[in-house]
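Presented below is the structure to which this report refers.
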Amino acid sequence: MTNRPISRYPVPDVMDLPEDLRTRMLGVQEKIGFIPNVFLTLAHRPAEARAFFDYHDALMEKDGGITKAEREMIVVATSAANDCLYCVVAHGAILRIRAKNPLLADQVAVNPRKADITPRQAAMLDFALKVSLAAATLDDADFDALRAHGLTDEDAWDIGAIAAFFALSNRMANLTSMRPNEEFYLMGRQPR
């Protein structure tokens with residue numbers, strides 16, 4: 001346990017936040033037992049926090065050709081490539097829970113090519129990593145590789161949007177020195 005601050009920027013008291021943000025945070029706290037530090041850190045700028053969380057939810061909570069666990073897999077792989085401790089730890093916990101696999105998040109974070117994933121998931125992560133690290137080099141062959149695994153152009157959009165959004169998130173987490181909640185480290189480690 002540490003007493004280091006969760007952000008290098010001031011963290012507002014939840015009760016001093018605008019009602020919509022306060023309600024959102026307290027709802028998350030009620031559901032999982034704590035408020036993730038990303039909420040508290042980004043609340044430093046309420047209008048930006050609203051936009052961030054709305055876009056997050058639009059990308060990560062929807063149904064489509066990519067499962068919610070696979071969406072988290074994309075976050076973990078790209079966040080590891082971007083050296084984002086907060087997102088690897090927090091979304092690694094969510095991946096462990098959604099995939100019902102206590103090993104997968106660590107594998108994907110360290111080396112997605114060695115992870116116990118399907119060829120389809122490997123193609124998704126290759127595409128996401130290219131969007132995250134070398135988007136200017138994307139070409140038709142990258143989309144064809146996804147199509148060869150039954151993924152559509154709409155799925156490609158989702159993969160790319162998640163990688164791009166979390167590139168923003170990774171950079172903000174590093175800018176603010178956002179610390180992961182200690183609760184995240186243990187979540188989903190024991191199989192149910």
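In the structure tokens, each chain is lettered A, B, ... as it comes, each chain's residues begin at 1, and ligands are numbered from 1 in order of appearance.
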Give me, as number ranges by chain, all polymer residues having an atom no more than 12 Å from segment 7-13 of chain A, counting only C-alpha atoms and skipping those fewer than 4 positions away in the same chain. A: 3, 17-18, 21-22, 25-26, 35, 37-46, 86, 172-181
With N, CA and C atoms retained, could you export that selection as a PDB file, in the first residue's frame?
ATOM      1  N   ASN A   3       0.966   5.740  -0.011  1.00  0.00           N
ATOM      2  CA  ASN A   3       0.268   6.998   0.278  1.00  0.00           C
ATOM      3  C   ASN A   3       0.531   8.034  -0.808  1.00  0.00           C
ATOM      4  N   LEU A  17     -18.487  17.768  -6.933  1.00  0.00           N
ATOM      5  CA  LEU A  17     -18.609  17.681  -8.386  1.00  0.00           C
ATOM      6  C   LEU A  17     -20.022  18.022  -8.839  1.00  0.00           C
ATOM      7  N   PRO A  18     -20.165  18.388 -10.125  1.00  0.00           N
ATOM      8  CA  PRO A  18     -21.519  18.568 -10.666  1.00  0.00           C
ATOM      9  C   PRO A  18     -22.318  17.278 -10.455  1.00  0.00           C
ATOM     10  N   LEU A  21     -21.844  14.051 -12.705  1.00  0.00           N
ATOM     11  CA  LEU A  21     -20.599  13.308 -12.494  1.00  0.00           C
ATOM     12  C   LEU A  21     -20.596  12.611 -11.135  1.00  0.00           C
ATOM     13  N   ARG A  22     -21.070  13.296 -10.131  1.00  0.00           N
ATOM     14  CA  ARG A  22     -21.155  12.703  -8.791  1.00  0.00           C
ATOM     15  C   ARG A  22     -22.033  11.450  -8.828  1.00  0.00           C
ATOM     16  N   MET A  25     -20.221   8.575 -10.620  1.00  0.00           N
ATOM     17  CA  MET A  25     -19.157   7.991  -9.811  1.00  0.00           C
ATOM     18  C   MET A  25     -19.704   7.170  -8.643  1.00  0.00           C
ATOM     19  N   LEU A  26     -20.709   7.694  -7.989  1.00  0.00           N
ATOM     20  CA  LEU A  26     -21.281   6.955  -6.863  1.00  0.00           C
ATOM     21  C   LEU A  26     -21.973   5.683  -7.343  1.00  0.00           C
ATOM     22  N   ILE A  35     -14.345   3.808  -6.348  1.00  0.00           N
ATOM     23  CA  ILE A  35     -14.362   4.699  -7.512  1.00  0.00           C
ATOM     24  C   ILE A  35     -12.999   4.588  -8.192  1.00  0.00           C
ATOM     25  N   ASN A  37      -9.710   5.435 -10.038  1.00  0.00           N
ATOM     26  CA  ASN A  37      -8.968   6.695 -10.003  1.00  0.00           C
ATOM     27  C   ASN A  37      -9.073   7.490 -11.291  1.00  0.00           C
ATOM     28  N   VAL A  38      -9.387   6.852 -12.411  1.00  0.00           N
ATOM     29  CA  VAL A  38      -9.556   7.592 -13.654  1.00  0.00           C
ATOM     30  C   VAL A  38     -10.710   8.590 -13.527  1.00  0.00           C
ATOM     31  N   PHE A  39     -11.780   8.194 -12.858  1.00  0.00           N
ATOM     32  CA  PHE A  39     -12.908   9.107 -12.653  1.00  0.00           C
ATOM     33  C   PHE A  39     -12.469  10.309 -11.824  1.00  0.00           C
ATOM     34  N   LEU A  40     -11.773  10.021 -10.739  1.00  0.00           N
ATOM     35  CA  LEU A  40     -11.365  11.089  -9.821  1.00  0.00           C
ATOM     36  C   LEU A  40     -10.348  12.022 -10.465  1.00  0.00           C
ATOM     37  N   THR A  41      -9.412  11.458 -11.209  1.00  0.00           N
ATOM     38  CA  THR A  41      -8.377  12.271 -11.846  1.00  0.00           C
ATOM     39  C   THR A  41      -8.957  13.157 -12.942  1.00  0.00           C
ATOM     40  N   LEU A  42      -9.763  12.571 -13.832  1.00  0.00           N
ATOM     41  CA  LEU A  42     -10.303  13.358 -14.947  1.00  0.00           C
ATOM     42  C   LEU A  42     -11.368  14.345 -14.511  1.00  0.00           C
ATOM     43  N   ALA A  43     -11.945  14.152 -13.332  1.00  0.00           N
ATOM     44  CA  ALA A  43     -12.939  15.098 -12.816  1.00  0.00           C
ATOM     45  C   ALA A  43     -12.324  16.471 -12.540  1.00  0.00           C
ATOM     46  N   HIS A  44     -11.022  16.560 -12.598  1.00  0.00           N
ATOM     47  CA  HIS A  44     -10.342  17.861 -12.494  1.00  0.00           C
ATOM     48  C   HIS A  44     -10.898  18.831 -13.536  1.00  0.00           C
ATOM     49  N   ARG A  45     -11.338  18.283 -14.665  1.00  0.00           N
ATOM     50  CA  ARG A  45     -11.956  19.075 -15.732  1.00  0.00           C
ATOM     51  C   ARG A  45     -13.279  18.405 -16.098  1.00  0.00           C
ATOM     52  N   PRO A  46     -14.361  18.801 -15.436  1.00  0.00           N
ATOM     53  CA  PRO A  46     -15.645  18.107 -15.584  1.00  0.00           C
ATOM     54  C   PRO A  46     -16.158  17.971 -17.013  1.00  0.00           C
ATOM     55  N   TYR A  86      -1.674   2.520 -15.643  1.00  0.00           N
ATOM     56  CA  TYR A  86      -3.061   2.586 -15.180  1.00  0.00           C
ATOM     57  C   TYR A  86      -3.965   1.704 -16.044  1.00  0.00           C
ATOM     58  N   MET A 172      -3.046  10.598 -21.299  1.00  0.00           N
ATOM     59  CA  MET A 172      -3.548  11.381 -20.157  1.00  0.00           C
ATOM     60  C   MET A 172      -3.172  10.722 -18.831  1.00  0.00           C
ATOM     61  N   ALA A 173      -3.222   9.405 -18.781  1.00  0.00           N
ATOM     62  CA  ALA A 173      -2.826   8.704 -17.557  1.00  0.00           C
ATOM     63  C   ALA A 173      -1.352   8.957 -17.250  1.00  0.00           C
ATOM     64  N   ASN A 174      -0.521   8.938 -18.286  1.00  0.00           N
ATOM     65  CA  ASN A 174       0.897   9.222 -18.063  1.00  0.00           C
ATOM     66  C   ASN A 174       1.143  10.689 -17.742  1.00  0.00           C
ATOM     67  N   LEU A 175       0.433  11.587 -18.405  1.00  0.00           N
ATOM     68  CA  LEU A 175       0.556  13.022 -18.126  1.00  0.00           C
ATOM     69  C   LEU A 175       0.244  13.327 -16.670  1.00  0.00           C
ATOM     70  N   THR A 176      -0.813  12.716 -16.168  1.00  0.00           N
ATOM     71  CA  THR A 176      -1.272  13.014 -14.808  1.00  0.00           C
ATOM     72  C   THR A 176      -0.612  12.128 -13.750  1.00  0.00           C
ATOM     73  N   SER A 177       0.204  11.173 -14.169  1.00  0.00           N
ATOM     74  CA  SER A 177       0.789  10.169 -13.255  1.00  0.00           C
ATOM     75  C   SER A 177      -0.310   9.429 -12.497  1.00  0.00           C
ATOM     76  N   MET A 178      -1.355   9.086 -13.220  1.00  0.00           N
ATOM     77  CA  MET A 178      -2.507   8.409 -12.623  1.00  0.00           C
ATOM     78  C   MET A 178      -2.090   7.049 -12.080  1.00  0.00           C
ATOM     79  N   ARG A 179      -2.428   6.813 -10.834  1.00  0.00           N
ATOM     80  CA  ARG A 179      -2.099   5.542 -10.191  1.00  0.00           C
ATOM     81  C   ARG A 179      -3.303   4.608 -10.231  1.00  0.00           C
ATOM     82  N   PRO A 180      -3.067   3.332 -10.530  1.00  0.00           N
ATOM     83  CA  PRO A 180      -4.184   2.376 -10.499  1.00  0.00           C
ATOM     84  C   PRO A 180      -4.671   2.169  -9.064  1.00  0.00           C
ATOM     85  N   ASN A 181      -5.950   1.963  -8.914  1.00  0.00           N
ATOM     86  CA  ASN A 181      -6.494   1.581  -7.610  1.00  0.00           C
ATOM     87  C   ASN A 181      -5.897   0.226  -7.239  1.00  0.00           C
TER      88      ASN A 181
END
Show which residues sit within 7 Å of Ala123 of chain A, as a list in words. Count only C-alpha atoms, and ignore same-chain residues fewer than 4 positions away.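 Listed by chain and then number, they are Pro119, Phe127, Ala145 and Leu146 of chain A.
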Which of A:Leu168, A:Ile66, A:Val88, A:Leu186 sits closest to Phe52 of chain A [using only C-alpha atoms]: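 Going through A:Leu168, A:Ile66, A:Val88, A:Leu186 one by one, the smallest distance to Phe52 of chain A is for A:Leu168.
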Just checking: using only C-alpha atoms, which residue out of A:Lys31, A:Arg71, A:Arg50, A:Lys114 ends up closest to Gly92 of chain A?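 Checking each of A:Lys31, A:Arg71, A:Arg50, A:Lys114 against Gly92 of chain A, counting only C-alpha atoms, the winner is A:Arg71.
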Best match for closeness to Thr118 of chain A among A:Leu95, A:Met187, A:Met73, A:Met60, counting only C-alpha atoms: A:Met73
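Remark: for Asp158 of chain A, the closest of the candidate residues A:Asp140, A:Glu70, A:Glu182, A:Asp106 is A:Glu70 (distances computed over only C-alpha atoms).
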With distances taken over only C-alpha atoms, which of A:Gln29, A:Thr152, A:Thr23, A:Gln107 is nearest to Val76 of chain A? A:Gln107
In segment 11-150 of chain A, DSSP alpha helix (DSSP H) residues written as a ChimeraX atom specification: /A:19-32,37-42,46-60,68-81,85-99,104-110,119-134,140-147
Residue contacts of Asn170 of chain A (9 Å, only C-alpha atoms) excluding same-chain residues fewer than 5 positions away, as a ChimeraX atom specification: /A:78-79,82-87,165,175
Who sits within 12 Å of Ala135 of chain A, only C-alpha atoms, same chain under 5 positions skipped, as a PDB file with N, CA and C atoms, in the first residue's frame:
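Here's the written file selection31.pdb:
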ATOM      1  N   ASP A 126      -3.180  -7.391 -33.778  1.00  0.00           N
ATOM      2  CA  ASP A 126      -2.201  -6.862 -34.744  1.00  0.00           C
ATOM      3  C   ASP A 126      -2.715  -5.556 -35.350  1.00  0.00           C
ATOM      4  N   PHE A 127      -3.986  -5.544 -35.736  1.00  0.00           N
ATOM      5  CA  PHE A 127      -4.586  -4.343 -36.326  1.00  0.00           C
ATOM      6  C   PHE A 127      -4.605  -3.205 -35.304  1.00  0.00           C
ATOM      7  N   ALA A 128      -5.039  -3.514 -34.080  1.00  0.00           N
ATOM      8  CA  ALA A 128      -5.112  -2.486 -33.026  1.00  0.00           C
ATOM      9  C   ALA A 128      -3.735  -1.907 -32.721  1.00  0.00           C
ATOM     10  N   LEU A 129      -2.732  -2.751 -32.645  1.00  0.00           N
ATOM     11  CA  LEU A 129      -1.381  -2.265 -32.360  1.00  0.00           C
ATOM     12  C   LEU A 129      -0.854  -1.398 -33.494  1.00  0.00           C
ATOM     13  N   LYS A 130      -1.222  -1.748 -34.726  1.00  0.00           N
ATOM     14  CA  LYS A 130      -0.790  -0.919 -35.853  1.00  0.00           C
ATOM     15  C   LYS A 130      -1.479   0.445 -35.790  1.00  0.00           C
ATOM     16  N   ASP A 142      -4.174  -4.605 -44.350  1.00  0.00           N
ATOM     17  CA  ASP A 142      -4.519  -4.703 -42.928  1.00  0.00           C
ATOM     18  C   ASP A 142      -6.000  -5.022 -42.751  1.00  0.00           C
ATOM     19  N   GLY A 160     -10.125   0.024 -34.380  1.00  0.00           N
ATOM     20  CA  GLY A 160      -9.335   1.243 -34.533  1.00  0.00           C
ATOM     21  C   GLY A 160      -9.762   2.343 -33.572  1.00  0.00           C
ATOM     22  N   ALA A 161     -11.058   2.493 -33.374  1.00  0.00           N
ATOM     23  CA  ALA A 161     -11.545   3.534 -32.470  1.00  0.00           C
ATOM     24  C   ALA A 161     -11.125   3.242 -31.021  1.00  0.00           C
ATOM     25  N   ALA A 163      -8.456   1.493 -30.092  1.00  0.00           N
ATOM     26  CA  ALA A 163      -7.012   1.751 -30.027  1.00  0.00           C
ATOM     27  C   ALA A 163      -6.729   3.251 -29.975  1.00  0.00           C
ATOM     28  N   ALA A 164      -7.437   4.024 -30.788  1.00  0.00           N
ATOM     29  CA  ALA A 164      -7.211   5.472 -30.822  1.00  0.00           C
ATOM     30  C   ALA A 164      -7.672   6.144 -29.528  1.00  0.00           C
ATOM     31  N   ALA A 167      -5.258   5.414 -26.852  1.00  0.00           N
ATOM     32  CA  ALA A 167      -4.014   6.167 -27.010  1.00  0.00           C
ATOM     33  C   ALA A 167      -4.149   7.504 -26.272  1.00  0.00           C
TER      34      ALA A 167
END
Point-to-point distance from atom CA of Ala109 of chain A to atom CA of Ala134 of chain A, Å rounded to tenths: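 Interatomic distance here is 18.4 Å.
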